[in-house]
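One file, structure24.pdb, carrying PDB, C-alpha atoms:
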ATOM      1  CA  MET A   3      -5.559   3.045  28.991
ATOM      2  CA  PRO A   4      -3.463  -0.149  29.236
ATOM      3  CA  LYS A   5       0.217   0.148  28.503
ATOM      4  CA  ILE A   6       1.014  -0.799  24.930
ATOM      5  CA  GLN A   7       3.777  -3.370  24.750
ATOM      6  CA  PRO A   8       4.638  -6.117  22.261
ATOM      7  CA  LEU A   9       5.342  -9.690  23.296
ATOM      8  CA  PRO A  10       8.827 -10.085  24.829
ATOM      9  CA  LEU A  11      11.622 -10.914  22.427
ATOM     10  CA  PRO A  12      13.883 -13.943  22.810
ATOM     11  CA  ALA A  13      17.139 -13.064  24.593
ATOM     12  CA  ALA A  14      19.219 -13.256  21.394
ATOM     13  CA  ALA A  15      16.844 -11.058  19.433
ATOM     14  CA  ALA A  16      16.594  -8.532  22.264
ATOM     15  CA  SER A  17      20.315  -7.729  22.170
ATOM     16  CA  PRO A  18      20.975  -4.331  20.523
ATOM     17  CA  PRO A  19      22.927  -4.406  17.267
ATOM     18  CA  SER A  20      26.587  -3.509  17.441
ATOM     19  CA  CYS A  21      26.217  -0.799  14.811
ATOM     20  CA  SER A  22      23.535   1.054  12.903
ATOM     21  CA  PRO A  23      22.240  -0.750   9.798
ATOM     22  CA  SER A  24      23.269   0.548   6.384
ATOM     23  CA  GLY A  25      20.669   1.834   3.936
ATOM     24  CA  ASP A  26      20.656  -1.438   1.995
ATOM     25  CA  GLU A  27      20.355  -3.485   5.196
ATOM     26  CA  GLU A  28      17.545  -1.256   6.432
ATOM     27  CA  ARG A  29      15.650  -1.782   3.160
ATOM     28  CA  ARG A  30      16.114  -5.556   3.479
ATOM     29  CA  ASN A  31      14.789  -5.397   7.032
ATOM     30  CA  LEU A  32      11.684  -3.662   5.721
ATOM     31  CA  GLN A  33      10.966  -6.734   3.572
ATOM     32  CA  LYS A  34      11.089  -9.298   6.396
ATOM     33  CA  GLN A  35       8.031 -10.563   8.240
ATOM     34  CA  ALA A  36       7.260  -8.303  11.174
ATOM     35  CA  VAL A  37       4.601  -7.480  13.745
ATOM     36  CA  TYR A  38       3.795  -3.906  14.783
ATOM     37  CA  THR A  39       1.480  -2.436  17.385
ATOM     38  CA  VAL A  40      -0.549   0.468  15.997
ATOM     39  CA  TRP A  41      -2.192   2.859  18.443
ATOM     40  CA  MET A  42      -4.684   5.037  16.610
ATOM     41  CA  LYS A  43      -3.703   8.074  18.663
ATOM     42  CA  SER A  44      -1.236  10.861  18.057
ATOM     43  CA  LEU A  45       1.628  11.546  20.465
ATOM     44  CA  VAL A  46       0.870  15.251  20.025
ATOM     45  CA  PHE A  47      -1.557  16.714  22.557
ATOM     46  CA  ASN A  48      -4.907  17.493  20.884
ATOM     47  CA  GLY A  49      -3.571  16.105  17.598
ATOM     48  CA  ASN A  50      -4.994  13.400  15.368
ATOM     49  CA  GLY A  51      -2.937  10.560  13.987
ATOM     50  CA  CYS A  52      -1.452   7.232  14.990
ATOM     51  CA  THR A  53       1.679   5.829  16.614
ATOM     52  CA  VAL A  54       3.403   2.626  15.474
ATOM     53  CA  TYR A  55       5.488   0.599  17.926
ATOM     54  CA  GLY A  56       8.117  -1.917  16.881
ATOM     55  CA  ALA A  57       8.964  -5.290  18.413
ATOM     56  CA  ASP A  58      11.209  -3.593  20.987
ATOM     57  CA  GLY A  59       8.312  -1.538  22.355
ATOM     58  CA  GLY A  60       9.728   1.747  21.065
ATOM     59  CA  VAL A  61       8.100   4.176  18.629
ATOM     60  CA  ALA A  62       8.978   3.180  15.066
ATOM     61  CA  PHE A  63       6.677   5.383  12.959
ATOM     62  CA  ARG A  64       4.040   8.043  13.563
ATOM     63  CA  VAL A  65       1.432  10.255  11.971
ATOM     64  CA  ASP A  66       0.654  13.594  13.605
ATOM     65  CA  ASN A  67      -2.211  15.433  11.933
ATOM     66  CA  TYR A  68      -2.742  18.899  13.364
ATOM     67  CA  GLY A  69      -5.899  19.464  11.320
ATOM     68  CA  CYS A  70      -9.287  17.828  11.596
ATOM     69  CA  ARG A  71      -9.876  14.091  11.439
ATOM     70  CA  GLY A  72      -9.638  12.663   7.946
ATOM     71  CA  GLY A  73      -7.491  15.558   6.734
ATOM     72  CA  ARG A  74      -6.727  16.057   3.064
ATOM     73  CA  GLU A  75      -2.996  15.568   3.584
ATOM     74  CA  VAL A  76      -1.066  13.556   6.178
ATOM     75  CA  PHE A  77       2.549  12.433   6.522
ATOM     76  CA  LEU A  78       3.918   9.132   7.805
ATOM     77  CA  MET A  79       7.206   9.791   9.603
ATOM     78  CA  ASP A  80       9.876   7.743  11.303
ATOM     79  CA  ARG A  81      10.550   8.103  15.017
ATOM     80  CA  ALA A  82      12.851  11.090  14.406
ATOM     81  CA  GLY A  83      10.223  12.994  12.418
ATOM     82  CA  LYS A  84      11.673  12.343   8.961
ATOM     83  CA  THR A  85       8.892  12.221   6.370
ATOM     84  CA  LEU A  86       8.614   8.854   4.595
ATOM     85  CA  ILE A  87       5.210   8.983   2.874
ATOM     86  CA  ARG A  88       2.809  11.784   1.974
ATOM     87  CA  ILE A  89      -0.851  10.758   1.582
ATOM     88  CA  GLN A  90      -3.394  13.068  -0.044
ATOM     89  CA  ARG A  91      -7.155  12.728  -0.387
ATOM     90  CA  LYS A  92      -8.438  13.667  -3.825
ATOM     91  CA  GLY A  93     -11.769  13.668  -5.639
ATOM     92  CA  LEU A  94     -15.322  13.654  -4.268
ATOM     93  CA  GLY A  95     -18.014  11.074  -3.620
ATOM     94  CA  MET A  96     -17.603   7.824  -5.508
ATOM     95  CA  PHE A  97     -14.497   9.272  -7.189
ATOM     96  CA  ARG A  98     -12.721   9.910  -3.876
ATOM     97  CA  ARG A  99      -9.284   8.337  -3.684
ATOM     98  CA  TRP A 100      -6.102   8.511  -1.631
ATOM     99  CA  GLU A 101      -2.742   8.929  -3.352
ATOM    100  CA  ALA A 102       0.663   8.389  -1.751
ATOM    101  CA  CYS A 103       4.152   9.592  -2.640
ATOM    102  CA  ARG A 104       7.234   8.019  -1.095
ATOM    103  CA  TYR A 105      10.211  10.135  -0.101
ATOM    104  CA  SER A 106      13.756   9.129  -0.993
ATOM    105  CA  ASP A 107      16.516   8.577   1.565
ATOM    106  CA  ASP A 108      17.805  12.122   1.074
ATOM    107  CA  GLY A 109      14.379  13.615   1.790
ATOM    108  CA  GLU A 110      13.431  14.360  -1.800
ATOM    109  CA  GLU A 111       9.829  13.478  -2.661
ATOM    110  CA  ALA A 112       9.623  10.598  -5.110
ATOM    111  CA  THR A 113       7.071  10.120  -7.867
ATOM    112  CA  PRO A 114       3.575   8.849  -6.940
ATOM    113  CA  TRP A 115       3.727   5.419  -5.311
ATOM    114  CA  PHE A 116       0.224   3.995  -4.838
ATOM    115  CA  ARG A 117      -3.455   4.923  -5.077
ATOM    116  CA  VAL A 118      -6.359   3.566  -2.994
ATOM    117  CA  GLN A 119     -10.008   3.786  -3.995
ATOM    118  CA  LYS A 120     -13.076   2.159  -2.454
ATOM    119  CA  LYS A 121     -14.853  -0.438  -4.549
ATOM    120  CA  ALA A 122     -18.435   0.604  -5.306
ATOM    121  CA  GLY A 123     -20.969  -1.469  -3.365
ATOM    122  CA  LYS A 124     -18.258  -3.499  -1.593
ATOM    123  CA  LYS A 125     -16.587  -3.314   1.806
ATOM    124  CA  GLY A 126     -13.179  -3.228   0.210
ATOM    125  CA  ALA A 127     -10.739  -1.006  -1.619
ATOM    126  CA  ALA A 128      -8.413  -1.458  -4.581
ATOM    127  CA  VAL A 129      -4.732  -0.531  -4.329
ATOM    128  CA  THR A 130      -3.035   0.479  -7.578
ATOM    129  CA  MET A 131       0.734   0.785  -7.735
ATOM    130  CA  MET A 132       1.381   3.857  -9.840
ATOM    131  CA  HIS A 133       3.884   4.104 -12.674
ATOM    132  CA  HIS A 134       6.874   6.358 -12.249
ATOM    133  CA  GLY A 135       6.250   8.078 -15.563
ATOM    134  CA  ALA A 136       4.973  11.573 -16.048
ATOM    135  CA  SER A 137       1.415  10.378 -16.531
ATOM    136  CA  GLY A 138       1.225   8.831 -13.041
ATOM    137  CA  SER A 139      -1.209   6.242 -14.332
ATOM    138  CA  GLY A 140      -1.471   2.773 -12.812
ATOM    139  CA  SER A 141      -1.471  -0.636 -14.388
ATOM    140  CA  GLY A 142      -4.434  -2.102 -12.505
ATOM    141  CA  PRO A 143      -5.073  -3.178  -8.899
ATOM    142  CA  ALA A 144      -2.045  -4.844  -7.323
ATOM    143  CA  TYR A 145      -3.647  -5.352  -3.885
ATOM    144  CA  MET A 146      -7.098  -5.418  -2.318
ATOM    145  CA  ILE A 147      -7.976  -4.265   1.184
ATOM    146  CA  ASP A 148     -10.679  -6.672   2.312
ATOM    147  CA  GLY A 149     -12.905  -5.308   5.076
ATOM    148  CA  CYS A 150     -11.403  -1.823   5.165
ATOM    149  CA  ALA A 151     -14.793  -0.437   6.261
ATOM    150  CA  ARG A 152     -14.075  -2.044   9.642
ATOM    151  CA  LYS A 153     -11.832  -0.015  11.917
ATOM    152  CA  SER A 154     -10.024  -2.900  13.576
ATOM    153  CA  GLY A 155      -9.928  -5.965  11.349
ATOM    154  CA  TYR A 156      -8.986  -6.273   7.669
ATOM    155  CA  GLU A 157      -6.511  -7.906   5.312
ATOM    156  CA  VAL A 158      -4.350  -6.723   2.431
ATOM    157  CA  THR A 159      -4.227  -9.362  -0.284
ATOM    158  CA  SER A 160      -2.139  -9.462  -3.437
ATOM    159  CA  ALA A 161      -3.622  -9.805  -6.926
ATOM    160  CA  GLY A 162      -2.980 -13.548  -6.626
ATOM    161  CA  GLY A 163      -4.993 -13.780  -3.402
ATOM    162  CA  ALA A 164      -2.084 -14.181  -0.972
ATOM    163  CA  VAL A 165      -2.337 -12.269   2.312
ATOM    164  CA  ALA A 166       0.352  -9.569   2.318
ATOM    165  CA  ALA A 167      -0.625  -7.963   5.638
ATOM    166  CA  ALA A 168      -3.335  -8.330   8.268
ATOM    167  CA  VAL A 169      -4.754  -6.025  10.930
ATOM    168  CA  GLU A 170      -6.633  -7.113  14.041
ATOM    169  CA  ARG A 171      -7.292  -5.898  17.570
ATOM    170  CA  LYS A 172      -4.321  -6.430  19.829
ATOM    171  CA  ARG A 173      -4.423  -9.212  22.424
ATOM    172  CA  THR A 174      -2.340  -9.337  25.573
ATOM    173  CA  PRO A 175      -0.258 -12.478  26.317
ATOM    174  CA  SER A 176      -3.113 -13.636  28.569
ATOM    175  CA  GLY A 177      -5.625 -13.348  25.712
ATOM    176  CA  VAL A 178      -7.372 -10.113  26.704
ATOM    177  CA  VAL A 179      -8.560  -8.138  23.663
ATOM    178  CA  LEU A 180      -7.683  -4.453  23.934
ATOM    179  CA  GLY A 181      -9.709  -1.514  22.620
ATOM    180  CA  ASP A 182     -10.500  -1.090  18.940
ATOM    181  CA  ASP A 183      -7.924   1.707  18.697
ATOM    182  CA  ILE A 184      -5.019  -0.613  19.597
ATOM    183  CA  LEU A 185      -4.187  -2.855  16.651
ATOM    184  CA  THR A 186      -1.708  -5.540  15.675
ATOM    185  CA  LEU A 187      -0.327  -5.222  12.147
ATOM    186  CA  THR A 188       1.319  -8.372  10.803
ATOM    187  CA  VAL A 189       3.346  -7.800   7.642
ATOM    188  CA  GLY A 190       4.216 -10.842   5.544
ATOM    189  CA  ALA A 191       7.728 -11.575   4.296
ATOM    190  CA  GLY A 192       8.384  -9.857   0.982
ATOM    191  CA  THR A 193       5.818  -7.113   1.636
ATOM    192  CA  ASP A 194       7.187  -3.598   1.970
ATOM    193  CA  HIS A 195       6.518  -2.508   5.555
ATOM    194  CA  LEU A 196       6.050   1.110   4.519
ATOM    195  CA  LEU A 197       3.417   0.071   1.981
ATOM    196  CA  ALA A 198       1.516  -1.891   4.650
ATOM    197  CA  LEU A 199       1.776   1.003   7.111
ATOM    198  CA  GLY A 200       0.679   3.467   4.446
ATOM    199  CA  LEU A 201      -2.426   1.366   3.774
ATOM    200  CA  VAL A 202      -3.238   1.280   7.506
ATOM    201  CA  VAL A 203      -3.054   5.080   7.497
ATOM    202  CA  VAL A 204      -5.351   5.261   4.457
ATOM    203  CA  CYS A 205      -7.901   2.968   6.156
ATOM    204  CA  GLY A 206      -7.730   5.209   9.213
ATOM    205  CA  LEU A 207      -8.467   8.225   7.015
ATOM    206  CA  MET A 208     -11.334   6.390   5.303
ATOM    207  CA  ASN A 209     -12.895   5.606   8.674
ATOM    208  CA  ARG A 210     -12.043   9.021  10.138
ATOM    209  CA  CYS A 211      -9.994   7.380  12.891
ATOM    210  CA  LEU A 212      -7.126   9.862  12.492
TER     211      LEU A 212
END

Encoded form using structure tokens:
Amino acid sequence: MPKIQPLPLPAAAASPPSCSPSGDEERRNLQKQAVYTVWMKSLVFNGNGCTVYGADGGVAFRVDNYGCRGGREVFLMDRAGKTLIRIQRKGLGMFRRWEACRYSDDGEEATPWFRVQKKAGKKGAAVTMMHHGASGSGSGPAYMIDGCARKSGYEVTSAGGAVAAAVERKRTPSGVVLGDDILTLTVGAGTDHLLALGLVVVCGLMNRCL
């Protein structure tokens, strides 16, 4: 297995910050354009899941699923193990869907956040952002995952057709394409990084990659 490392940062960007970012600054950082390396393997021995590396080469997020592949419930966590998103599989057959709840900064589970369901007869899936009311109903697809049936290459597009995030197999600086379980996730500016990462996790569950 080749060592997973991002491209080197410029010297100025590589310097560590003088202090930890505040909550507001951290949320702003999660809206900027970014590139992650996603390894569709768990750091836990004999576990299923994925590990997300940031631009500095360190673990940024992870999913450790102790059950079988494609489990009914998985959790996206930060590097310290704090739960950020809970994703549950619901329904059967053509009615199968994946629903996500986002946790607040203090660890309290928020109301339902988004729902993903495959489009009948198409190699894509619709992403509905769910209302925060008691009904939990959505207002229509806000994003599409184009090509989610493929394990290592797909795009997340907004309702207007703009690419919000893209996934492809990782290439080394010399142009060598790594295995189909080592991916590059590019998140566009203005797209919530946790949303993009949550959708990568859902696609992994759809394809039984984690």

Each region 56-169 of chain A residue no farther than 10 Å from region 191-196 of chain A, nearest pair in Å, all atoms listed in the file, as CSV:
residue,atom,partner,partner_atom,distance
A:Phe63,CA,A:Leu196,CA,9.5
A:Leu78,CA,A:Leu196,CA,8.9
A:Leu86,CA,A:Leu196,CA,8.2
A:Ile87,CA,A:Leu196,CA,8.1
A:Arg104,CA,A:Leu196,CA,9.0
A:Ser160,CA,A:Thr193,CA,9.7
A:Val165,CA,A:Thr193,CA,9.7
A:Ala166,CA,A:Thr193,CA,6.0
A:Ala167,CA,A:Thr193,CA,7.6

Translate the PyMOL selection byres ((chain A and resi 149-155) around 8) into a concrete residue list for this structure, as a list in words.
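Against this file, the PyMOL selection byres ((chain A and resi 149-155) around 8) returns the residues Lys125, Gly126, Ala127, Ile147, Asp148, Tyr156, Glu157, Ala168, Val169, Glu170, Arg171, Asp182, Asp183, Leu185, Cys205, Gly206, Met208, Asn209 and Cys211 of chain A.
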
For Gly162 (chain A), which residue out of A:Ala144, A:Val40, A:Leu201, A:Val178 is the nearest one, using all atoms listed in the file?
A:Ala144

Within 10 Å of Arg64 (chain A) using only C-alpha atoms, minus same-chain residues under 4 positions, as a JSON list (two decimals) with C-alpha atoms, keeping the file's coordinate frame:
[["chain", "number", "residue", "atom", "x", "y", "z"],
["A", 40, "VAL", "CA", -0.55, 0.47, 16.00],
["A", 41, "TRP", "CA", -2.19, 2.86, 18.44],
["A", 42, "MET", "CA", -4.68, 5.04, 16.61],
["A", 43, "LYS", "CA", -3.70, 8.07, 18.66],
["A", 44, "SER", "CA", -1.24, 10.86, 18.06],
["A", 45, "LEU", "CA", 1.63, 11.55, 20.46],
["A", 51, "GLY", "CA", -2.94, 10.56, 13.99],
["A", 52, "CYS", "CA", -1.45, 7.23, 14.99],
["A", 53, "THR", "CA", 1.68, 5.83, 16.61],
["A", 54, "VAL", "CA", 3.40, 2.63, 15.47],
["A", 55, "TYR", "CA", 5.49, 0.60, 17.93],
["A", 77, "PHE", "CA", 2.55, 12.43, 6.52],
["A", 78, "LEU", "CA", 3.92, 9.13, 7.80],
["A", 79, "MET", "CA", 7.21, 9.79, 9.60],
["A", 80, "ASP", "CA", 9.88, 7.74, 11.30],
["A", 81, "ARG", "CA", 10.55, 8.10, 15.02],
["A", 82, "ALA", "CA", 12.85, 11.09, 14.41],
["A", 83, "GLY", "CA", 10.22, 12.99, 12.42],
["A", 84, "LYS", "CA", 11.67, 12.34, 8.96],
["A", 85, "THR", "CA", 8.89, 12.22, 6.37],
["A", 199, "LEU", "CA", 1.78, 1.00, 7.11],
["A", 203, "VAL", "CA", -3.05, 5.08, 7.50]]

Provide the CA of Trp115 (chain A) to CA of Ala128 (chain A) distance in Å, to one decimal place.
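Interatomic distance here is 14.0 Å.
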
For this file, the PyMOL selection byres ((chain A and resi 101) around 6) selects which residues, as a ChimeraX atom specification?
/A:89-90,100,102,116-117

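Using all atoms listed in the file, the shortest contact distance between Asp58 (chain A) and any of A:Leu212, A:Arg74, A:Ala36, A:Gly200 is found at A:Ala36.
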
Go through A:Arg88, A:Tyr68, A:Gly163, A:Gly93 one by one, measure the shortest atom-to-atom distance of each to Tyr105 (chain A) using only C-alpha atoms, and give the residue with the smallest value.
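Of all the options, A:Arg88 lies closest to Tyr105 (chain A).
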
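The space between CA of Val202 (chain A) and CA of Glu110 (chain A) spans 23.1 Å.
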
Around region 176-185 of chain A, fit a box with edges along x, y and z, padding it by 5 Å on each side, then list its centre and edge lengths in Å to one decimal as lines of an AutoDock Vina configuration file.
center_x = -6.8
center_y = -6.0
center_z = 22.6
size_x = 17.4
size_y = 25.3
size_z = 21.9

Mind rebuilding region 36-62 of chain A with N, CA, C and O atoms and writing that out as a short mmCIF file (atom, residue, chain, number, x, y, z; two decimals), in the frame of the given file?
data_model
loop_
_atom_site.label_atom_id
_atom_site.label_comp_id
_atom_site.auth_asym_id
_atom_site.auth_seq_id
_atom_site.Cartn_x
_atom_site.Cartn_y
_atom_site.Cartn_z
N ALA A 36 7.17 -9.09 9.95
CA ALA A 36 7.26 -8.30 11.17
C ALA A 36 5.87 -8.09 11.76
O ALA A 36 4.86 -8.21 11.06
N VAL A 37 5.85 -7.78 13.05
CA VAL A 37 4.60 -7.48 13.74
C VAL A 37 4.75 -6.12 14.42
O VAL A 37 5.74 -5.88 15.14
N TYR A 38 3.81 -5.23 14.17
CA TYR A 38 3.80 -3.91 14.78
C TYR A 38 2.55 -3.74 15.64
O TYR A 38 1.51 -4.37 15.38
N THR A 39 2.65 -2.88 16.63
CA THR A 39 1.48 -2.44 17.39
C THR A 39 1.14 -1.03 16.92
O THR A 39 2.00 -0.14 16.92
N VAL A 40 -0.11 -0.84 16.51
CA VAL A 40 -0.55 0.47 16.00
C VAL A 40 -1.58 1.03 16.97
O VAL A 40 -2.64 0.44 17.19
N TRP A 41 -1.26 2.15 17.55
CA TRP A 41 -2.19 2.86 18.44
C TRP A 41 -2.75 4.02 17.66
O TRP A 41 -2.00 4.89 17.22
N MET A 42 -4.06 4.02 17.45
CA MET A 42 -4.68 5.04 16.61
C MET A 42 -4.87 6.35 17.38
O MET A 42 -5.94 6.95 17.43
N LYS A 43 -3.76 6.80 17.95
CA LYS A 43 -3.70 8.07 18.66
C LYS A 43 -2.40 8.76 18.32
O LYS A 43 -1.37 8.13 18.10
N SER A 44 -2.44 10.07 18.30
CA SER A 44 -1.24 10.86 18.06
C SER A 44 -0.50 11.09 19.36
O SER A 44 -1.10 11.17 20.44
N LEU A 45 0.84 11.19 19.29
CA LEU A 45 1.63 11.55 20.46
C LEU A 45 1.54 13.03 20.78
O LEU A 45 1.97 13.47 21.85
N VAL A 46 0.99 13.81 19.84
CA VAL A 46 0.87 15.25 20.02
C VAL A 46 -0.44 15.56 20.74
O VAL A 46 -1.51 15.08 20.36
N PHE A 47 -0.37 16.35 21.79
CA PHE A 47 -1.56 16.71 22.56
C PHE A 47 -2.57 17.42 21.65
O PHE A 47 -2.23 18.32 20.91
N ASN A 48 -3.81 16.95 21.69
CA ASN A 48 -4.91 17.49 20.88
C ASN A 48 -4.69 17.29 19.39
O ASN A 48 -5.34 17.93 18.57
N GLY A 49 -3.78 16.40 19.02
CA GLY A 49 -3.57 16.10 17.60
C GLY A 49 -4.30 14.83 17.20
O GLY A 49 -4.76 14.07 18.04
N ASN A 50 -4.43 14.63 15.90
CA ASN A 50 -4.99 13.40 15.37
C ASN A 50 -3.88 12.65 14.66
O ASN A 50 -2.97 13.25 14.09
N GLY A 51 -3.97 11.34 14.64
CA GLY A 51 -2.94 10.56 13.99
C GLY A 51 -2.83 9.17 14.58
O GLY A 51 -3.78 8.66 15.17
N CYS A 52 -1.67 8.55 14.43
CA CYS A 52 -1.45 7.23 14.99
C CYS A 52 0.02 7.07 15.32
O CYS A 52 0.88 7.81 14.81
N THR A 53 0.32 6.10 16.19
CA THR A 53 1.68 5.83 16.61
C THR A 53 1.95 4.35 16.42
O THR A 53 1.14 3.51 16.84
N VAL A 54 3.07 4.01 15.79
CA VAL A 54 3.40 2.63 15.47
C VAL A 54 4.60 2.22 16.32
O VAL A 54 5.63 2.89 16.32
N TYR A 55 4.44 1.11 17.06
CA TYR A 55 5.49 0.60 17.93
C TYR A 55 6.10 -0.65 17.30
O TYR A 55 5.39 -1.51 16.78
N GLY A 56 7.42 -0.76 17.40
CA GLY A 56 8.12 -1.92 16.88
C GLY A 56 8.17 -3.04 17.90
O GLY A 56 7.60 -2.95 18.99
N ALA A 57 8.88 -4.12 17.55
CA ALA A 57 8.96 -5.29 18.41
C ALA A 57 9.67 -4.99 19.73
O ALA A 57 9.45 -5.69 20.72
N ASP A 58 10.50 -3.94 19.76
CA ASP A 58 11.21 -3.59 20.99
C ASP A 58 10.40 -2.71 21.92
O ASP A 58 10.87 -2.33 22.99
N GLY A 59 9.17 -2.37 21.53
CA GLY A 59 8.31 -1.54 22.36
C GLY A 59 8.50 -0.06 22.14
O GLY A 59 7.78 0.76 22.73
N GLY A 60 9.49 0.33 21.31
CA GLY A 60 9.73 1.75 21.06
C GLY A 60 8.95 2.25 19.86
O GLY A 60 8.50 1.48 19.01
N VAL A 61 8.79 3.57 19.77
CA VAL A 61 8.10 4.18 18.63
C VAL A 61 8.94 3.96 17.37
O VAL A 61 10.13 4.26 17.35
N ALA A 62 8.30 3.43 16.34
CA ALA A 62 8.98 3.18 15.07
C ALA A 62 8.54 4.18 14.00
O ALA A 62 9.37 4.65 13.21
#
